[in-house]
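Next up, run-v4.cif (mmCIF, C-alpha atoms and all ligand atoms):
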data_data
#
loop_
_atom_site.label_atom_id
_atom_site.label_comp_id
_atom_site.auth_asym_id
_atom_site.auth_seq_id
_atom_site.Cartn_x
_atom_site.Cartn_y
_atom_site.Cartn_z
CA MET A 1 -13.89 -28.90 8.08
CA ALA A 2 -16.60 -28.04 5.54
CA ASP A 3 -16.32 -24.48 6.67
CA GLN A 4 -12.61 -24.48 5.96
CA ALA A 5 -13.12 -25.97 2.48
CA TYR A 6 -15.68 -23.25 1.73
CA ARG A 7 -13.27 -20.55 2.81
CA LEU A 8 -10.51 -22.04 0.69
CA ARG A 9 -12.82 -22.13 -2.35
CA LYS A 10 -13.78 -18.50 -1.79
CA LEU A 11 -10.14 -17.56 -1.49
CA ALA A 12 -9.33 -19.38 -4.72
CA GLU A 13 -12.23 -17.61 -6.46
CA LEU A 14 -11.01 -14.28 -5.21
CA ALA A 15 -7.48 -14.98 -6.37
CA GLY A 16 -8.83 -16.11 -9.74
CA ARG A 17 -10.83 -12.93 -10.15
CA SER A 18 -7.97 -10.66 -9.30
CA ASP A 19 -5.64 -12.66 -11.56
CA SER A 20 -7.88 -12.19 -14.56
CA ALA A 21 -8.31 -8.50 -13.75
CA LEU A 22 -4.53 -8.32 -13.58
CA ALA A 23 -4.18 -10.05 -16.94
CA ASP A 24 -6.61 -7.53 -18.53
CA ARG A 25 -4.70 -4.64 -17.12
CA ARG A 26 -1.39 -6.16 -18.17
CA ALA A 27 -2.65 -6.43 -21.75
CA GLY A 28 -3.61 -2.74 -21.59
CA VAL A 29 -0.16 -1.82 -20.31
CA GLU A 30 1.46 -3.86 -23.10
CA ARG A 31 -0.47 -1.82 -25.66
CA ASP A 32 0.63 1.40 -23.98
CA ILE A 33 4.27 0.30 -23.95
CA ALA A 34 4.10 -0.38 -27.68
CA ALA A 35 2.63 3.11 -28.18
CA ASP A 36 5.32 4.60 -25.95
CA ARG A 37 8.06 2.88 -28.03
CA GLN A 38 6.49 4.21 -31.20
CA MET A 39 6.48 7.73 -29.76
CA ARG A 40 10.15 7.53 -28.87
CA THR A 41 11.15 6.41 -32.34
CA SER A 42 12.22 9.33 -34.51
CA SER A 43 11.68 9.44 -38.26
CA SER A 44 15.27 8.18 -38.68
CA GLY A 45 14.34 5.05 -36.72
CA LEU A 46 16.43 6.01 -33.68
CA ARG A 47 14.67 5.18 -30.44
CA ARG A 48 15.70 7.07 -27.36
CA THR A 49 15.65 5.80 -23.81
CA ARG A 50 13.52 7.67 -21.26
CA VAL A 51 15.70 8.73 -18.33
CA MET A 52 13.83 9.23 -15.08
CA ALA A 53 15.22 10.15 -11.65
CA ILE A 54 13.34 9.08 -8.52
CA THR A 55 14.19 11.56 -5.81
CA SER A 56 12.97 13.29 -2.64
CA GLY A 57 13.65 16.29 -0.48
CA LYS A 58 13.49 14.33 2.77
CA GLY A 59 15.29 11.01 3.28
CA GLY A 60 13.68 7.67 4.08
CA VAL A 61 10.40 8.37 2.29
CA GLY A 62 10.52 5.18 0.19
CA LYS A 63 12.41 6.04 -3.03
CA THR A 64 14.44 2.85 -3.23
CA ASN A 65 11.40 0.64 -2.66
CA ILE A 66 9.52 2.56 -5.32
CA VAL A 67 12.38 2.31 -7.83
CA ALA A 68 12.78 -1.46 -7.35
CA ASN A 69 9.08 -2.30 -7.46
CA LEU A 70 8.20 0.11 -10.26
CA ALA A 71 11.09 -1.26 -12.33
CA ILE A 72 9.85 -4.83 -11.84
CA SER A 73 6.22 -3.94 -12.65
CA LEU A 74 7.23 -2.18 -15.85
CA SER A 75 9.57 -4.99 -16.79
CA GLU A 76 6.87 -7.60 -16.20
CA ALA A 77 4.68 -5.64 -18.60
CA GLY A 78 7.34 -5.82 -21.31
CA MET A 79 9.43 -2.70 -20.85
CA ARG A 80 13.22 -3.06 -20.82
CA VAL A 81 14.25 -1.33 -17.60
CA LEU A 82 17.72 -0.39 -16.37
CA VAL A 83 18.00 0.70 -12.74
CA VAL A 84 20.83 3.05 -11.90
CA ASP A 85 21.72 3.15 -8.22
CA ALA A 86 23.07 6.65 -7.69
CA ASP A 87 22.57 6.80 -3.93
CA LEU A 88 25.62 6.85 -1.69
CA GLY A 89 23.58 5.52 1.25
CA LEU A 90 23.51 1.98 2.58
CA ALA A 91 19.97 0.73 1.92
CA ASN A 92 20.53 0.34 -1.80
CA VAL A 93 18.44 -1.27 -4.51
CA ASP A 94 20.67 -4.36 -4.50
CA VAL A 95 20.21 -4.87 -0.75
CA LEU A 96 16.42 -4.60 -1.12
CA LEU A 97 16.51 -7.26 -3.81
CA GLY A 98 18.88 -9.57 -1.92
CA LEU A 99 21.61 -9.09 -4.53
CA TYR A 100 25.27 -8.69 -3.70
CA PRO A 101 27.12 -7.04 -6.56
CA ARG A 102 30.91 -7.41 -6.40
CA TYR A 103 31.63 -4.32 -8.45
CA ASN A 104 30.12 -0.92 -9.00
CA LEU A 105 30.51 1.97 -11.38
CA GLY A 106 33.44 3.20 -9.32
CA HIS A 107 35.46 0.22 -10.62
CA VAL A 108 34.67 1.32 -14.17
CA VAL A 109 35.62 4.91 -13.44
CA GLN A 110 38.92 3.67 -11.97
CA GLY A 111 39.52 1.55 -15.05
CA GLN A 112 39.36 -1.82 -13.23
CA LYS A 113 36.19 -3.22 -14.84
CA SER A 114 34.13 -2.72 -17.98
CA LEU A 115 30.56 -1.44 -17.76
CA GLU A 116 29.21 -4.86 -18.83
CA GLU A 117 31.09 -6.46 -15.93
CA VAL A 118 29.39 -4.31 -13.28
CA ILE A 119 25.81 -4.49 -14.58
CA ILE A 120 23.86 -7.15 -12.67
CA ASN A 121 20.61 -8.93 -13.49
CA GLY A 122 17.71 -8.50 -11.09
CA PRO A 123 14.24 -10.08 -10.83
CA ALA A 124 11.82 -10.05 -13.76
CA GLY A 125 14.57 -9.15 -16.22
CA ILE A 126 15.56 -5.78 -14.79
CA ARG A 127 19.23 -4.80 -14.99
CA ILE A 128 21.05 -2.75 -12.38
CA ILE A 129 24.14 -0.53 -12.41
CA PRO A 130 25.30 -0.38 -8.77
CA GLY A 131 27.16 2.57 -7.29
CA ALA A 132 26.49 4.99 -10.09
CA SER A 133 27.11 7.96 -7.81
CA GLY A 134 30.66 7.47 -9.16
CA LEU A 135 29.40 9.02 -12.40
CA GLN A 136 30.14 12.38 -10.85
CA ASP A 137 33.86 11.55 -11.02
CA LEU A 138 33.62 11.61 -14.82
CA ALA A 139 35.20 15.03 -14.92
CA GLN A 140 38.31 13.70 -13.18
CA MET A 141 38.79 10.74 -15.53
CA ASP A 142 41.46 10.90 -18.18
CA ALA A 143 40.05 11.60 -21.62
CA GLY A 144 40.66 8.12 -23.05
CA ARG A 145 38.94 6.24 -20.25
CA ARG A 146 36.11 8.74 -20.10
CA HIS A 147 35.52 8.37 -23.80
CA ALA A 148 35.37 4.57 -23.48
CA LEU A 149 32.87 4.75 -20.61
CA LEU A 150 30.68 7.29 -22.38
CA SER A 151 30.43 5.18 -25.50
CA ASP A 152 29.64 2.09 -23.40
CA LEU A 153 26.89 4.04 -21.62
CA VAL A 154 25.48 5.38 -24.86
CA SER A 155 25.41 1.85 -26.30
CA LEU A 156 22.88 0.98 -23.55
CA GLU A 157 20.43 3.18 -25.47
CA GLU A 158 19.59 0.21 -27.65
CA GLN A 159 19.08 -2.13 -24.71
CA ALA A 160 16.73 -0.11 -22.49
CA ASP A 161 13.37 1.61 -22.93
CA LEU A 162 13.62 3.27 -19.54
CA VAL A 163 16.39 4.15 -17.11
CA LEU A 164 15.24 4.63 -13.51
CA ILE A 165 17.77 6.43 -11.32
CA ASP A 166 17.55 6.01 -7.55
CA THR A 167 19.08 9.21 -6.17
CA GLY A 168 19.80 10.14 -2.59
CA ALA A 169 17.62 12.66 -0.77
CA GLY A 170 18.08 16.40 -0.48
CA LEU A 171 19.20 19.36 -2.49
CA SER A 172 22.94 18.71 -2.66
CA SER A 173 24.67 18.58 -6.04
CA SER A 174 25.22 14.80 -5.58
CA VAL A 175 21.43 14.49 -5.97
CA MET A 176 20.53 17.49 -8.11
CA ASP A 177 23.08 16.72 -10.88
CA PHE A 178 21.16 13.52 -11.62
CA VAL A 179 17.75 15.16 -11.37
CA VAL A 180 18.42 18.16 -13.63
CA SER A 181 20.06 15.89 -16.22
CA SER A 182 17.07 13.52 -16.51
CA ASP A 183 14.08 13.82 -18.85
CA GLU A 184 11.64 13.25 -16.00
CA ALA A 185 11.83 13.31 -12.21
CA VAL A 186 9.51 11.64 -9.73
CA ILE A 187 9.60 13.47 -6.40
CA VAL A 188 8.51 11.17 -3.60
CA THR A 189 6.96 12.55 -0.44
CA THR A 190 4.98 11.21 2.48
CA PRO A 191 2.03 13.04 4.10
CA GLU A 192 4.36 14.29 6.88
CA PRO A 193 4.61 18.11 6.90
CA THR A 194 8.43 17.98 6.90
CA ALA A 195 8.48 15.72 3.83
CA ILE A 196 5.93 17.96 2.06
CA ALA A 197 8.00 21.07 2.81
CA ASP A 198 11.15 19.36 1.50
CA ALA A 199 9.37 18.15 -1.66
CA TYR A 200 8.19 21.70 -2.28
CA ALA A 201 11.74 23.03 -1.69
CA MET A 202 13.03 20.63 -4.33
CA ILE A 203 10.39 21.76 -6.85
CA LYS A 204 11.36 25.36 -6.11
CA VAL A 205 15.08 24.71 -6.67
CA LEU A 206 14.28 22.86 -9.91
CA SER A 207 12.16 25.78 -11.09
CA GLN A 208 15.18 28.06 -10.62
CA THR A 209 17.52 25.98 -12.77
CA ASP A 210 17.46 26.00 -16.55
CA SER A 211 16.63 22.27 -16.57
CA ASP A 212 13.66 21.12 -18.66
CA VAL A 213 13.03 18.11 -16.44
CA TYR A 214 9.33 17.16 -16.30
CA ILE A 215 8.31 16.92 -12.65
CA ARG A 216 5.97 14.30 -11.22
CA LEU A 217 4.87 13.73 -7.66
CA LEU A 218 4.24 10.44 -5.86
CA VAL A 219 2.80 10.36 -2.34
CA ASN A 220 4.07 7.33 -0.44
CA GLN A 221 2.91 5.92 2.90
CA ALA A 222 -0.53 7.51 2.59
CA ARG A 223 -3.16 6.16 4.99
CA SER A 224 -5.92 6.57 2.40
CA GLU A 225 -6.52 7.66 -1.16
CA SER A 226 -8.10 10.88 0.06
CA GLU A 227 -5.12 11.72 2.26
CA ALA A 228 -2.82 11.19 -0.76
CA GLU A 229 -5.03 13.40 -2.93
CA GLN A 230 -5.04 16.14 -0.35
CA VAL A 231 -1.24 16.13 -0.13
CA ALA A 232 -0.86 16.08 -3.93
CA ASP A 233 -3.45 18.87 -4.41
CA GLN A 234 -1.66 21.04 -1.90
CA ILE A 235 1.78 20.63 -3.52
CA LEU A 236 0.51 20.89 -7.10
CA SER A 237 -1.51 24.02 -6.47
CA VAL A 238 1.23 25.81 -4.49
CA ALA A 239 3.77 24.95 -7.25
CA ARG A 240 1.40 26.29 -9.88
CA ARG A 241 0.46 29.49 -8.05
CA PHE A 242 3.81 30.52 -6.59
CA LEU A 243 6.36 28.94 -8.91
CA ASN A 244 4.35 28.70 -12.10
CA VAL A 245 5.48 25.08 -12.41
CA HIS A 246 3.28 22.24 -13.61
CA VAL A 247 3.72 19.10 -11.53
CA ASP A 248 2.10 15.87 -12.70
CA ASN A 249 0.37 13.72 -10.12
CA LEU A 250 1.76 10.19 -10.60
CA GLY A 251 -0.33 8.73 -7.80
CA TYR A 252 0.28 7.27 -4.38
CA VAL A 253 1.30 4.17 -2.46
CA LEU A 254 -0.60 3.27 0.69
CA VAL A 255 1.18 2.47 3.91
CA ASP A 256 1.29 -1.32 3.94
CA VAL A 257 3.02 -3.89 6.17
CA ALA A 258 3.81 -5.84 2.99
CA VAL A 259 6.49 -3.23 2.31
CA GLN A 260 8.30 -3.68 5.64
CA ARG A 261 7.95 -7.46 5.42
CA SER A 262 9.42 -7.54 1.94
CA VAL A 263 12.27 -5.23 2.99
CA ARG A 264 13.12 -7.71 5.75
CA ALA A 265 12.84 -10.65 3.34
CA GLN A 266 14.98 -8.77 0.77
CA LYS A 267 12.40 -9.51 -1.89
CA PRO A 268 10.39 -6.92 -3.83
CA PHE A 269 6.80 -6.62 -2.58
CA VAL A 270 5.31 -6.72 -6.09
CA LEU A 271 6.65 -10.28 -6.33
CA LEU A 272 6.31 -11.40 -2.71
CA TYR A 273 2.87 -9.86 -2.14
CA PRO A 274 1.46 -9.20 -5.64
CA HIS A 275 -2.09 -8.69 -4.33
CA SER A 276 -1.14 -6.28 -1.54
CA SER A 277 -2.44 -2.73 -1.69
CA ALA A 278 1.11 -1.39 -2.11
CA SER A 279 1.53 -3.61 -5.20
CA GLU A 280 -1.79 -2.41 -6.66
CA CYS A 281 -0.69 1.19 -6.14
CA ILE A 282 2.70 0.62 -7.79
CA ARG A 283 1.05 -1.01 -10.80
CA ALA A 284 -1.34 1.95 -11.10
CA ALA A 285 1.64 4.36 -11.11
CA ALA A 286 3.42 2.13 -13.66
CA ARG A 287 0.35 2.30 -15.91
CA ARG A 288 0.29 6.09 -15.67
CA LEU A 289 3.95 6.22 -16.67
CA VAL A 290 3.39 4.35 -19.89
CA THR A 291 0.09 5.66 -21.15
CA GLY A 292 0.85 7.65 -24.29
CA ARG A 293 -0.76 10.86 -23.17
CA SER A 294 1.28 11.04 -19.99
CA SER A 295 4.67 10.74 -21.73
CA PRO A 296 5.15 14.47 -21.86
CA VAL A 297 8.63 15.04 -23.20
CA ALA A 298 10.54 13.72 -26.15
CA PRO A 299 13.36 11.93 -24.35
CA SER A 300 16.87 13.01 -25.19
CA GLY A 301 18.14 9.56 -24.29
CA ILE A 302 21.20 8.37 -22.45
CA ALA A 303 23.44 10.50 -24.66
CA GLY A 304 21.41 13.59 -23.77
CA PHE A 305 21.49 12.67 -20.10
CA ILE A 306 25.29 12.34 -20.13
CA ARG A 307 25.73 15.60 -21.99
CA ARG A 308 23.68 17.42 -19.35
CA MET A 309 25.39 15.56 -16.51
CA LEU A 310 28.79 16.63 -17.79
CA SER A 311 27.70 20.20 -18.09
CA ALA A 312 26.17 20.03 -14.58
CA ILE A 313 29.43 18.78 -13.08
CA GLY A 314 31.41 21.28 -15.09
CA GLY A 315 33.21 18.72 -17.21
CA ARG A 316 33.77 19.17 -20.90
CA TYR A 317 31.77 16.81 -23.13
CA VAL A 318 34.08 14.82 -25.34
CA GLU A 319 32.43 14.54 -28.74
CA SER A 320 32.83 11.15 -30.30
N1 LIG B 401 4.32 2.21 1.46
C1 LIG B 401 5.00 1.88 2.55
N2 LIG B 401 4.38 1.26 3.59
C2 LIG B 401 5.04 0.93 4.70
N3 LIG B 401 6.34 1.18 4.91
C3 LIG B 401 7.03 1.81 3.93
C4 LIG B 401 6.41 2.18 2.70
N4 LIG B 401 7.34 2.75 1.94
C5 LIG B 401 8.49 2.76 2.63
N5 LIG B 401 8.31 2.19 3.83
C6 LIG B 401 9.31 2.03 4.92
O1 LIG B 401 10.27 3.05 4.79
C7 LIG B 401 11.58 2.50 4.78
C8 LIG B 401 12.49 3.34 3.91
O2 LIG B 401 12.22 3.09 2.56
P1 LIG B 401 13.34 3.34 1.43
O3 LIG B 401 14.66 2.79 1.86
O4 LIG B 401 12.78 2.88 0.15
O5 LIG B 401 13.41 4.94 1.50
P2 LIG B 401 14.41 5.90 0.74
O6 LIG B 401 13.65 7.13 0.40
O7 LIG B 401 15.08 5.19 -0.39
O8 LIG B 401 15.49 6.22 1.86
P3 LIG B 401 16.90 6.98 1.68
O9 LIG B 401 16.59 8.45 1.58
O10 LIG B 401 17.64 6.63 2.93
O11 LIG B 401 17.53 6.45 0.43
C9 LIG B 401 11.39 1.06 4.29
O12 LIG B 401 12.39 0.22 4.78
C10 LIG B 401 10.04 0.70 4.83
O13 LIG B 401 10.16 0.18 6.15
MG MG B 402 17.11 4.91 -0.82
#
Let me see whether you can do it: turn the structure in this file into structure tokens.
Ligand SMILES: Nc1ncnc2c1ncn2[C@@H]1O[C@H](COP(=O)(O)OP(=O)(O)OP(=O)(O)O)[C@@H](O)[C@H]1O
Ligand SMILES: [Mg+2]
Amino acid sequence: MADQAYRLRKLAELAGRSDSALADRRAGVERDIAADRQMRTSSSGLRRTRVMAITSGKGGVGKTNIVANLAISLSEAGMRVLVVDADLGLANVDVLLGLYPRYNLGHVVQGQKSLEEVIINGPAGIRIIPGASGLQDLAQMDAGRRHALLSDLVSLEEQADLVLIDTGAGLSSSVMDFVVSSDEAVIVTTPEPTAIADAYAMIKVLSQTDSDVYIRLLVNQARSESEAEQVADQILSVARRFLNVHVDNLGYVLVDVAVQRSVRAQKPFVLLYPHSSASECIRAAARRLVTGRSSPVAPSGIAGFIRRMLSAIGGRYVES
């Protein structure tokens, strides 16, 4: 009995210590977010949203989990985050979060719903646009409806600091249109040779487009920090030597049963298991995303993203 009480006290102490360490780090992240906002504010006072695609060469590497948990971590730290679900697949962000949206962007494209009606609220204040793969039908919309949707999308600029786009996997245009149109792209890989080869193939294709997207790498499902570093070193150095492309190392997420458990529970692991190693890793990546020195590009905002998207899909941009 006494033994059990001792263990409980130790556990409480441990939790207390990690909570205060968390609070310290959160305060640091809050400062960085304020600096990031300042950086994105032009002399005219206009603040542009950072648009970031999370993508991968190979499927099933963990993109959707990373999008959902990164979004929540950044939102908890004070960033206004909009998640755009641009994956046609089944295991979508909303399913992972136990949300059941009734409408998606397709309804907006077809003129049945307004953008505000399809955006749903997720945990920790994140907002989600489901089914945004429909954005590629923009070119087929009649000019009036397209114009209305574009101005609704651009008005989100004032409501979000960061847009995170969950894309599908692979090099098809349904993925690449979103990636080349973003300010930044996070390519997710695992230590598996096939995933590494596919991540490299995606970097190569990106290097051959005229896109200015800033490329980052995140190694998921690593068994150790050193394994993750080895994988990242390999990809970064090959990209530098053979493609002359700089790839930023965003970090890694360890393989962790907390991820599978939270997928089954349809709850994000950063909320269900905040002290798990996967959660620690996600928060470290979130910190790296908001520290001033690692915000490499002046974002061109949602308007810039849409302009590039329209040119990628061959549509004509309708000037407002
Ligand atoms: N760090 C991790 N530790 C343990 N399991 C993980 C981890 N990351 C992902 N997984 C497992 O991989 C599965 C696939 O993850 P997820 O759906 O996020 O991948 P995805 O890249 O979005 O897939 P798709 O290409 O189909 O969209 C999860 O359901 C989970 O079981
Ligand atoms: Mg996915």
*All residues within 9 Å of ligand LIG 401 (chain B) are required, counting all atoms listed in the file; please report them as number ranges by chain.*
A: 55-68, 87-93, 96, 166-170, 188-190, 220-222, 252-264, 277-278
_Non-local contacts of range 294-310 of chain A (10 Å; all atoms listed in the file; under 4 positions in same chain excluded) as a PyMOL selection string_ = chain A and resi 36+39-42+47-52+135-139+150-151+153-158+160-163+176-184+211-214+248+250+287-290+314-319
Atoms kept (C-alpha atoms) for selection, written as a PDB file, in the coordinates of the input:
ATOM      1  CA  ASP A  36       5.320   4.600 -25.950  1.00  0.00           C
ATOM      2  CA  MET A  39       6.480   7.730 -29.760  1.00  0.00           C
ATOM      3  CA  ARG A  40      10.150   7.530 -28.870  1.00  0.00           C
ATOM      4  CA  THR A  41      11.150   6.410 -32.340  1.00  0.00           C
ATOM      5  CA  SER A  42      12.220   9.330 -34.510  1.00  0.00           C
ATOM      6  CA  ARG A  47      14.670   5.180 -30.440  1.00  0.00           C
ATOM      7  CA  ARG A  48      15.700   7.070 -27.360  1.00  0.00           C
ATOM      8  CA  THR A  49      15.650   5.800 -23.810  1.00  0.00           C
ATOM      9  CA  ARG A  50      13.520   7.670 -21.260  1.00  0.00           C
ATOM     10  CA  VAL A  51      15.700   8.730 -18.330  1.00  0.00           C
ATOM     11  CA  MET A  52      13.830   9.230 -15.080  1.00  0.00           C
ATOM     12  CA  LEU A 135      29.400   9.020 -12.400  1.00  0.00           C
ATOM     13  CA  GLN A 136      30.140  12.380 -10.850  1.00  0.00           C
ATOM     14  CA  ASP A 137      33.860  11.550 -11.020  1.00  0.00           C
ATOM     15  CA  LEU A 138      33.620  11.610 -14.820  1.00  0.00           C
ATOM     16  CA  ALA A 139      35.200  15.030 -14.920  1.00  0.00           C
ATOM     17  CA  LEU A 150      30.680   7.290 -22.380  1.00  0.00           C
ATOM     18  CA  SER A 151      30.430   5.180 -25.500  1.00  0.00           C
ATOM     19  CA  LEU A 153      26.890   4.040 -21.620  1.00  0.00           C
ATOM     20  CA  VAL A 154      25.480   5.380 -24.860  1.00  0.00           C
ATOM     21  CA  SER A 155      25.410   1.850 -26.300  1.00  0.00           C
ATOM     22  CA  LEU A 156      22.880   0.980 -23.550  1.00  0.00           C
ATOM     23  CA  GLU A 157      20.430   3.180 -25.470  1.00  0.00           C
ATOM     24  CA  GLU A 158      19.590   0.210 -27.650  1.00  0.00           C
ATOM     25  CA  ALA A 160      16.730  -0.110 -22.490  1.00  0.00           C
ATOM     26  CA  ASP A 161      13.370   1.610 -22.930  1.00  0.00           C
ATOM     27  CA  LEU A 162      13.620   3.270 -19.540  1.00  0.00           C
ATOM     28  CA  VAL A 163      16.390   4.150 -17.110  1.00  0.00           C
ATOM     29  CA  MET A 176      20.530  17.490  -8.110  1.00  0.00           C
ATOM     30  CA  ASP A 177      23.080  16.720 -10.880  1.00  0.00           C
ATOM     31  CA  PHE A 178      21.160  13.520 -11.620  1.00  0.00           C
ATOM     32  CA  VAL A 179      17.750  15.160 -11.370  1.00  0.00           C
ATOM     33  CA  VAL A 180      18.420  18.160 -13.630  1.00  0.00           C
ATOM     34  CA  SER A 181      20.060  15.890 -16.220  1.00  0.00           C
ATOM     35  CA  SER A 182      17.070  13.520 -16.510  1.00  0.00           C
ATOM     36  CA  ASP A 183      14.080  13.820 -18.850  1.00  0.00           C
ATOM     37  CA  GLU A 184      11.640  13.250 -16.000  1.00  0.00           C
ATOM     38  CA  SER A 211      16.630  22.270 -16.570  1.00  0.00           C
ATOM     39  CA  ASP A 212      13.660  21.120 -18.660  1.00  0.00           C
ATOM     40  CA  VAL A 213      13.030  18.110 -16.440  1.00  0.00           C
ATOM     41  CA  TYR A 214       9.330  17.160 -16.300  1.00  0.00           C
ATOM     42  CA  ASP A 248       2.100  15.870 -12.700  1.00  0.00           C
ATOM     43  CA  LEU A 250       1.760  10.190 -10.600  1.00  0.00           C
ATOM     44  CA  ARG A 287       0.350   2.300 -15.910  1.00  0.00           C
ATOM     45  CA  ARG A 288       0.290   6.090 -15.670  1.00  0.00           C
ATOM     46  CA  LEU A 289       3.950   6.220 -16.670  1.00  0.00           C
ATOM     47  CA  VAL A 290       3.390   4.350 -19.890  1.00  0.00           C
ATOM     48  CA  GLY A 314      31.410  21.280 -15.090  1.00  0.00           C
ATOM     49  CA  GLY A 315      33.210  18.720 -17.210  1.00  0.00           C
ATOM     50  CA  ARG A 316      33.770  19.170 -20.900  1.00  0.00           C
ATOM     51  CA  TYR A 317      31.770  16.810 -23.130  1.00  0.00           C
ATOM     52  CA  VAL A 318      34.080  14.820 -25.340  1.00  0.00           C
ATOM     53  CA  GLU A 319      32.430  14.540 -28.740  1.00  0.00           C
TER      54      GLU A 319
END
*Counting all atoms listed in the file, the residue of A:Thr291, A:Leu105, A:Gly111, A:Ile165 that sits nearest ligand MG 402 (chain B)*: A:Ile165
_One number please: CA of Pro193 in chain A to CA of Ala286 in chain A, in Å, one decimal._
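CA of Ala286 in chain A lies 26.1 Å from CA of Pro193 in chain A.
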_Two-atom distance - CA of Gly144 in chain A, CA of Gln110 in chain A (Å)_ =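 It comes out at 12.1 Å.
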Which residues come within 8 Å of range 230-232 of chain A, counting all atoms listed in the file, excluding same-chain residues fewer than 5 positions away, as a compact mmCIF listing (two decimals) with C-alpha atoms, in the coordinates of the input?
# COMPACT_ATOMS: atom_id res chain seq x y z
CA PRO A 191 2.03 13.04 4.10
CA ILE A 196 5.93 17.96 2.06
CA LEU A 217 4.87 13.73 -7.66
CA LEU A 218 4.24 10.44 -5.86
CA VAL A 219 2.80 10.36 -2.34
CA ASN A 249 0.37 13.72 -10.12
_Nearest to ligand MG 402 (chain B) by atom-to-atom distance, counting only C-alpha atoms and all ligand atoms, from A:Val175, A:Ile215, A:Asn121, A:Cys281_ =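 For ligand MG 402 (chain B), the nearest of the candidates is A:Val175.
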*Using all atoms listed in the file, which of A:Ala86, A:Ser114, A:Asn69, A:Ser75 sits nearest ligand MG 402 (chain B)?*
A:Ala86
*Interatomic distance (Å, one decimal) between CA of Ser173 in chain A and CA of Asp142 in chain A*: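 Pair CA of Ser173 in chain A / CA of Asp142 in chain A returns 22.1 Å.
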Limit the output to C-alpha atoms and give range 272-310 of chain A as a compact mmCIF listing (two decimals), in the first residue's frame.
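And here's part33.txt as it stands now:
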# COMPACT_ATOMS: atom_id res chain seq x y z
CA LEU A 272 -4.95 11.92 -25.77
CA TYR A 273 -1.30 11.19 -24.91
CA PRO A 274 0.35 14.61 -24.46
CA HIS A 275 3.42 13.12 -22.76
CA SER A 276 4.03 10.40 -25.35
CA SER A 277 7.22 10.50 -27.36
CA ALA A 278 5.24 11.11 -30.57
CA SER A 279 3.68 14.21 -28.95
CA GLU A 280 7.09 15.50 -27.83
CA CYS A 281 8.40 15.06 -31.38
CA ILE A 282 5.43 16.88 -32.93
CA ARG A 283 5.85 19.79 -30.52
CA ALA A 284 9.56 19.99 -31.41
CA ALA A 285 8.66 20.16 -35.12
CA ALA A 286 5.99 22.78 -34.35
CA ARG A 287 8.61 24.88 -32.54
CA ARG A 288 10.96 24.66 -35.51
CA LEU A 289 8.18 25.85 -37.80
CA VAL A 290 7.60 29.02 -35.86
CA THR A 291 11.06 30.11 -34.85
CA GLY A 292 11.79 33.30 -36.78
CA ARG A 293 14.98 32.12 -38.39
CA SER A 294 13.35 29.05 -39.88
CA SER A 295 10.55 30.96 -41.64
CA PRO A 296 12.44 31.14 -44.89
CA VAL A 297 10.08 32.66 -47.41
CA ALA A 298 7.88 35.70 -47.42
CA PRO A 299 4.48 34.03 -47.78
CA SER A 300 2.40 35.06 -50.73
CA GLY A 301 -0.75 34.22 -48.80
CA ILE A 302 -3.97 32.52 -49.78
CA ALA A 303 -4.36 34.87 -52.76
CA GLY A 304 -0.90 33.88 -54.01
CA PHE A 305 -1.67 30.21 -53.45
CA ILE A 306 -4.88 30.44 -55.50
CA ARG A 307 -3.17 32.34 -58.29
CA ARG A 308 -0.54 29.61 -58.58
CA MET A 309 -3.13 26.86 -58.25
CA LEU A 310 -5.13 28.32 -61.12
